[in-house]
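Engineer: As input, take entry_39.txt (compact mmCIF, C-alpha atoms):
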# COMPACT_ATOMS: atom_id res chain seq x y z
CA MET A 27 -41.75 23.90 4.68
CA THR A 28 -41.97 20.41 6.18
CA VAL A 29 -39.15 18.08 5.08
CA ASN A 30 -39.68 14.34 5.04
CA ARG A 31 -36.53 13.03 6.68
CA PHE A 32 -37.33 9.33 6.30
CA PRO A 33 -35.63 9.07 2.87
CA ILE A 34 -32.67 11.00 4.30
CA ALA A 35 -32.36 8.46 7.11
CA LEU A 36 -32.47 5.58 4.62
CA LEU A 37 -29.79 7.25 2.49
CA PHE A 38 -27.61 7.69 5.57
CA LEU A 39 -28.12 4.03 6.44
CA GLY A 40 -27.28 2.81 2.94
CA LEU A 41 -24.10 4.84 2.59
CA ALA A 42 -22.83 3.85 6.02
CA SER A 43 -23.62 0.17 5.38
CA ASN A 44 -21.63 0.19 2.12
CA SER A 45 -18.68 1.76 3.91
CA ALA A 46 -18.87 -0.81 6.69
CA HIS A 47 -18.61 -3.70 4.23
CA ALA A 48 -15.57 -2.39 2.32
CA GLU A 49 -12.77 -4.99 2.29
CA LEU A 50 -10.02 -2.49 3.11
CA ASN A 51 -10.71 0.27 5.60
CA ASP A 52 -8.59 3.37 6.15
CA ARG A 53 -8.08 3.67 9.90
CA GLY A 54 -6.06 6.86 9.57
CA ASN A 55 -2.53 7.48 10.82
CA GLY A 56 -1.07 5.30 8.07
CA LEU A 57 -3.00 2.13 8.95
CA ILE A 58 -5.21 0.03 6.63
CA TYR A 59 -7.48 -2.70 8.04
CA ASP A 60 -8.46 -5.76 6.00
CA SER A 61 -11.84 -6.87 7.35
CA THR A 62 -11.70 -10.10 5.33
CA LEU A 63 -8.44 -11.41 6.80
CA ASN A 64 -8.63 -9.43 10.07
CA ILE A 65 -5.17 -7.92 9.67
CA THR A 66 -3.82 -4.36 9.57
CA TRP A 67 -1.27 -3.13 7.00
CA LEU A 68 1.03 -0.15 6.96
CA ALA A 69 -0.24 2.23 4.29
CA ASP A 70 3.33 3.20 3.33
CA MET A 71 4.66 0.18 1.44
CA LYS A 72 8.23 1.50 1.62
CA TYR A 73 8.21 2.62 5.23
CA ALA A 74 11.62 1.04 5.90
CA LEU A 75 12.97 3.57 3.39
CA THR A 76 10.85 6.65 4.12
CA SER A 77 11.34 6.27 7.88
CA GLY A 78 15.12 6.31 7.48
CA TYR A 79 15.48 2.79 8.89
CA GLU A 80 18.18 1.75 6.46
CA GLN A 81 20.39 4.72 7.21
CA THR A 82 20.21 4.19 10.99
CA SER A 83 20.13 0.39 11.33
CA GLY A 84 23.65 -0.42 10.21
CA ILE A 85 22.38 -1.94 6.95
CA PRO A 86 24.63 -0.98 4.02
CA TYR A 87 22.81 1.77 2.16
CA ASP A 88 23.95 3.61 -0.94
CA GLY A 89 20.73 5.47 -1.69
CA SER A 90 20.06 3.49 -4.85
CA ASN A 91 18.20 0.35 -3.78
CA ASP A 92 14.84 2.04 -3.22
CA GLY A 93 14.24 0.48 0.19
CA ALA A 94 15.01 -3.15 -0.69
CA ILE A 95 16.84 -5.12 2.02
CA SER A 96 17.79 -8.73 2.78
CA TRP A 97 15.33 -11.17 4.31
CA SER A 98 16.95 -11.21 7.75
CA ALA A 99 17.03 -7.40 7.81
CA ALA A 100 13.36 -7.33 6.77
CA VAL A 101 12.38 -9.73 9.55
CA ALA A 102 14.30 -7.68 12.12
CA TRP A 103 12.76 -4.42 10.85
CA ALA A 104 9.20 -5.72 11.14
CA GLU A 105 9.68 -7.40 14.51
CA ASN A 106 11.24 -4.28 16.03
CA LEU A 107 8.82 -1.83 14.46
CA GLU A 108 6.67 0.33 16.71
CA PHE A 109 3.95 2.13 14.80
CA GLY A 110 0.49 3.41 15.65
CA GLY A 111 0.92 2.38 19.27
CA PHE A 112 1.58 -1.28 18.35
CA SER A 113 4.76 -3.36 18.50
CA ASP A 114 3.47 -6.74 17.23
CA TRP A 115 4.30 -6.16 13.56
CA ARG A 116 5.75 -8.90 11.34
CA LEU A 117 6.27 -9.79 7.69
CA PRO A 118 3.13 -11.13 5.94
CA THR A 119 2.63 -14.80 5.10
CA LEU A 120 2.67 -16.68 1.81
CA LEU A 121 1.53 -20.29 1.56
CA GLU A 122 4.18 -22.78 0.54
CA ASN A 123 2.93 -24.56 -2.59
CA ASP A 124 -0.27 -22.55 -2.38
CA PRO A 125 -3.03 -24.70 -3.96
CA THR A 126 -4.71 -21.59 -5.38
CA CYS A 127 -1.74 -20.99 -7.74
CA ASP A 128 -1.81 -22.03 -11.39
CA GLY A 129 0.57 -24.95 -10.90
CA ALA A 130 3.24 -26.58 -8.74
CA PHE A 131 6.48 -24.86 -7.81
CA ASP A 132 9.88 -26.19 -8.83
CA SER A 133 12.30 -26.91 -5.98
CA ASP A 134 15.42 -25.83 -7.89
CA LEU A 135 16.71 -22.46 -6.64
CA THR A 136 18.42 -21.76 -9.96
CA ARG A 137 15.27 -21.94 -12.07
CA THR A 138 13.62 -18.86 -13.51
CA SER A 139 9.88 -18.15 -13.71
CA GLN A 140 9.81 -20.13 -16.97
CA GLY A 141 11.39 -23.06 -15.11
CA GLY A 142 8.78 -23.31 -12.42
CA SER A 143 9.98 -21.19 -9.48
CA SER A 144 7.18 -18.62 -9.90
CA ARG A 145 3.43 -19.05 -10.21
CA TYR A 146 0.48 -16.78 -10.92
CA GLY A 147 -3.00 -16.50 -9.44
CA CYS A 148 -1.91 -17.25 -5.88
CA VAL A 149 -4.27 -15.80 -3.28
CA GLY A 150 -3.86 -18.07 -0.23
CA GLY A 151 -1.29 -15.99 1.65
CA GLU A 152 -1.70 -12.57 3.24
CA LEU A 153 0.73 -10.95 0.81
CA SER A 154 -0.68 -12.56 -2.35
CA HIS A 155 -4.25 -11.84 -1.25
CA LEU A 156 -3.37 -8.17 -0.77
CA PHE A 157 -1.85 -7.70 -4.21
CA VAL A 158 -3.99 -10.05 -6.32
CA VAL A 159 -7.41 -9.76 -4.69
CA SER A 160 -7.37 -6.34 -3.04
CA LEU A 161 -5.16 -4.39 -5.45
CA GLY A 162 -5.88 -6.21 -8.72
CA ASN A 163 -2.32 -7.35 -9.57
CA LYS A 164 -3.01 -9.49 -12.64
CA ALA A 165 -0.80 -12.25 -14.05
CA GLY A 166 1.93 -10.89 -16.28
CA GLN A 167 1.12 -7.26 -15.45
CA SER A 168 2.38 -4.68 -13.00
CA VAL A 169 0.33 -3.84 -9.93
CA HIS A 170 0.37 -0.27 -11.26
CA ASN A 171 -1.52 -1.35 -14.39
CA GLN A 172 -5.09 -0.65 -13.27
CA ALA A 173 -6.82 -1.46 -16.55
CA GLY A 174 -9.76 -3.75 -15.83
CA ASP A 175 -9.59 -3.29 -12.06
CA SER A 176 -12.88 -3.19 -10.18
CA ALA A 177 -14.09 -0.06 -8.40
CA SER A 178 -13.19 -1.70 -5.09
CA GLN A 179 -9.65 -2.50 -6.26
CA LEU A 180 -9.15 1.05 -7.51
CA ALA A 181 -10.32 2.40 -4.16
CA ASN A 182 -8.05 -0.03 -2.28
CA TYR A 183 -5.04 0.94 -4.41
CA ALA A 184 -5.57 4.60 -3.54
CA LEU A 185 -5.30 3.82 0.19
CA PHE A 186 -1.61 2.88 -0.06
CA ARG A 187 1.52 4.95 -0.69
CA ASN A 188 4.84 4.03 -2.31
CA ILE A 189 3.71 0.70 -3.77
CA GLY A 190 6.96 -0.81 -4.98
CA GLN A 191 7.57 -1.98 -8.53
CA GLY A 192 9.55 -5.06 -7.57
CA THR A 193 9.48 -7.94 -5.09
CA TYR A 194 8.19 -8.05 -1.50
CA TRP A 195 9.43 -10.43 1.16
CA SER A 196 7.09 -12.69 3.10
CA GLY A 197 7.95 -14.12 6.49
CA THR A 198 7.58 -17.67 5.12
CA GLN A 199 10.83 -19.57 4.69
CA ARG A 200 11.47 -22.54 2.45
CA SER A 201 10.70 -25.63 4.54
CA ASP A 202 13.39 -27.76 2.86
CA GLY A 203 16.24 -26.04 4.68
CA LEU A 204 17.48 -24.08 1.69
CA ASN A 205 18.57 -20.51 2.37
CA ALA A 206 15.52 -19.03 0.66
CA ALA A 207 12.16 -17.47 1.48
CA TRP A 208 8.91 -16.94 -0.35
CA ALA A 209 8.27 -13.59 -1.99
CA PHE A 210 5.79 -11.83 -4.28
CA SER A 211 6.59 -9.84 -7.40
CA THR A 212 4.42 -6.82 -8.15
CA VAL A 213 6.08 -6.58 -11.57
CA ASN A 214 4.05 -9.50 -12.93
CA GLY A 215 1.77 -10.66 -10.10
CA SER A 216 3.71 -13.83 -9.33
CA GLN A 217 4.57 -15.72 -6.15
CA ILE A 218 8.24 -16.76 -5.98
CA ASN A 219 9.78 -19.65 -4.03
CA ASN A 220 13.46 -19.23 -4.86
CA SER A 221 14.38 -15.84 -3.35
CA ASN A 222 17.74 -16.29 -1.65
CA LYS A 223 17.64 -14.62 1.75
CA ALA A 224 20.67 -12.52 0.83
CA SER A 225 18.70 -10.93 -2.03
CA SER A 226 17.31 -7.42 -1.60
CA HIS A 227 13.52 -7.08 -1.67
CA TYR A 228 10.99 -4.71 -0.12
CA PRO A 229 9.69 -5.34 3.42
CA LEU A 230 6.05 -4.72 4.31
CA ALA A 231 4.67 -4.88 7.85
CA VAL A 232 1.37 -6.39 8.98
CA ARG A 233 -0.24 -7.24 12.31
CA VAL A 234 -3.23 -9.36 13.33
CA GLY A 235 -6.43 -7.57 14.26
CA ASP A 236 -7.97 -4.14 13.91
CA VAL A 237 -6.44 -1.00 15.39
CA THR A 238 -9.99 0.16 16.28
CA ALA A 239 -9.13 3.78 15.58
CA VAL A 240 -12.39 4.16 13.68
CA PRO A 241 -15.00 1.65 14.98
CA GLU A 242 -17.14 0.01 12.33
CA PRO A 243 -20.77 1.17 12.63
CA THR A 244 -23.11 -1.74 13.39
CA ILE A 245 -26.47 -2.18 11.72
CA LEU A 246 -28.17 -1.59 15.08
CA ASN A 247 -26.35 1.72 15.51
CA LEU A 248 -27.26 2.76 11.99
CA PHE A 249 -30.96 2.07 12.55
CA ALA A 250 -30.75 3.92 15.86
CA GLY A 251 -29.28 6.91 14.06
CA GLY A 252 -32.12 6.88 11.55
CA LEU A 253 -34.71 6.69 14.34
CA VAL A 254 -33.13 9.65 16.11
CA ILE A 255 -33.47 11.71 12.94
CA LEU A 256 -37.13 10.74 12.61
CA LEU A 257 -37.88 11.55 16.28
CA ILE A 258 -36.21 14.94 16.01
CA SER A 259 -38.20 15.69 12.88
CA ARG A 260 -41.48 14.66 14.57
CA HIS A 261 -40.70 16.69 17.67
CA SER A 262 -39.97 19.74 15.51
CA ARG A 263 -43.32 19.42 13.68
CA ILE A 264 -45.23 19.11 16.99
CA ARG A 265 -43.56 22.22 18.39
CA SER A 266 -44.26 24.18 15.20
CA LYS A 267 -47.99 23.38 15.47
CA SER A 268 -48.26 24.31 19.16
Can you dump the structure from the file as C-alpha cells?
Structural biologist:
Amino acid sequence: MTVNRFPIALLFLGLASNSAHAELNDRGNGLIYDSTLNITWLADMKYALTSGYEQTSGIPYDGSNDGAISWSAAVAWAENLEFGGFSDWRLPTLLENDPTCDGAFDSDLTRTSQGGSSRYGCVGGELSHLFVVSLGNKAGQSVHNQAGDSASQLANYALFRNIGQGTYWSGTQRSDGLNAAWAFSTVNGSQINNSNKASSHYPLAVRVGDVTAVPEPTILNLFAGGLVILLISRHSRIRSKS
C-alpha cells in the first residue's frame, strides 16, 4: 500500500514549529531557557537547599527554614555557583519602581503591603516576569493556585521543581542606600521593596543566554526534514515499480 507522506511531513513541521516557539524550553540537566528574555533558569527553585549549600557554607542552618537565606548569602551562593558547565550565575533582576506595577512604592521600610511597600502586576524584571507572566502568579493568589492559568503557563509550571511558597530575593538593591533589596512574594504575586537584607528569603539563580544543550530547530531545517521524507517516499515508489 502506498502511503502519502506529505501530510505526515506537514504534521512534523507543525509540531516542531510549536515547540520552537514555546516561551520556556526545557534544556535538560535541570536548566530552563526563556526564549523571550534570553536567560536560563535553574529548574530547581530551592537548589541552595537541595544541594546542601546551607549545611556546607557556614550559614547557620537549623533544618527549619526551607532553604531561605539572607541577601548577602544569596548573592554569594549565586555568584559562586557552578552548574551545567557554567559559572556566570547570579540573582535575577527586579525593576526599582517598575512602571508595569499597579502603583508607586512607598519608601518607608516599616510599611506593610497595605502601606505601599508591595505592588501587584509587576512584569518588568526577570523575577517578576517569570512568576507573573510565565507561571501565572496572579495578584492576591499563590503561585501554586493554577485556576485560570493558560495552557502555556501550566506547561511552564511543570518544568520547575520545588517552587517555594514564600519570597524570592532579586539581585536589585534599594538605590537610596537603605539596607534593603527588592524581592518577589509567590504567596500573593507581589513585588516588595522593603526586604531587609538580613531577612531570610529563597535564592534563585539565572544566567544570560541559552545553554544550547538542545538547539532550536530552524524553519529551514524543518522544511529540509519534510523534503527528505518526501524524497525517500518517492525513491521507494520508483524502486517498487522497477
Engineer: So, counting only C-alpha atoms, which residue among A:Ser196, A:Asn205, A:Ser216, A:Ser176 is closest to Thr119 in chain A?
Structural biologist: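 Closest candidate: A:Ser196.
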Engineer: Rounded to one decimal in Å, what is the spacing between CA of His227 in chain A and CA of Ala94 in chain A?
Structural biologist: 4.3 Å
Engineer: Kindly extract all protein, DNA and RNA residues lying within 10 Å of the coordinates (16.7, -6.1, 3.5) given in the file, considering only C-alpha atoms, and supply them as JSON, numbers by chain.
Structural biologist: {"A": [74, 80, 85, 86, 91, 93, 94, 95, 96, 97, 98, 99, 100, 101, 102, 103, 195, 223, 224, 225, 226, 227, 228, 229]}
Engineer: Can you pull out every residue within 9 Å of Asp124 in chain A, counting only C-alpha atoms, but drop anything in the same chain fewer than 5 positions away, and send it as a PDB file with C-alpha atoms, in the coordinates of the input?
Structural biologist:
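selection.pdb written:
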ATOM      1  CA  GLY A 129       0.570 -24.950 -10.900  1.00  0.00           C
ATOM      2  CA  ALA A 130       3.240 -26.580  -8.740  1.00  0.00           C
ATOM      3  CA  PHE A 131       6.480 -24.860  -7.810  1.00  0.00           C
ATOM      4  CA  CYS A 148      -1.910 -17.250  -5.880  1.00  0.00           C
ATOM      5  CA  VAL A 149      -4.270 -15.800  -3.280  1.00  0.00           C
ATOM      6  CA  GLY A 150      -3.860 -18.070  -0.230  1.00  0.00           C
ATOM      7  CA  GLY A 151      -1.290 -15.990   1.650  1.00  0.00           C
TER       8      GLY A 151
END
Engineer: Set up a box along x, y and z of the file covering all listed atoms of range 205-224 of chain A, add 8 Å on every one of the six sides, and write the centre and edge lengths in Å to one decimal, as AutoDock Vina command-line options.
Structural biologist:
--center_x 11.2 --center_y -13.5 --center_z -5.3 --size_x 34.9 --size_y 29.9 --size_z 31.3
Engineer: Please, which residues are within 7 Å of (14.4, -18.3, -0.3) by the file's coordinates, counting all atoms listed in the file, and could they come as a PyMOL selection string?
Structural biologist: chain A and resi 199-200+204-208+219-223
Engineer: Grab the CA of Trp115 in chain A to CA of Ala69 in chain A distance for me, in Å with one decimal place.
Structural biologist: 13.3 Å
Engineer: Could you check which of A:Gly111, A:Gly166, A:Gly54, A:Gly192 is closest to Lys72 in chain A, using only C-alpha atoms?
Structural biologist: A:Gly192
Engineer: Can you tell me how far CA of Arg233 in chain A sits from CA of Ser133 in chain A, in Å to one decimal?
Structural biologist: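 Result for CA of Arg233 in chain A versus CA of Ser133 in chain A: 29.6 Å, one decimal.
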Engineer: Using all atoms listed in the file, which of the listed residues (A:Thr193, A:Asn214, A:Thr76, A:Asn123) sits closest to Ala165 in chain A?
Structural biologist: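 Smallest separation from Ala165 in chain A among the options: A:Asn214.
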Engineer: For Leu75 in chain A, which residue out of A:Asp92, A:Lys164, A:Arg53, A:Gln179 is the nearest one, using all atoms listed in the file?
Structural biologist: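 Selected residue with least distance to Leu75 in chain A: A:Asp92.
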Engineer: Between A:Glu122, A:Asp175, A:Glu152, A:Asp132, which is the closest to Val234 in chain A once you count all atoms listed in the file?
Structural biologist: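 Among A:Glu122, A:Asp175, A:Glu152, A:Asp132, it is A:Glu152 that comes nearest to Val234 in chain A.
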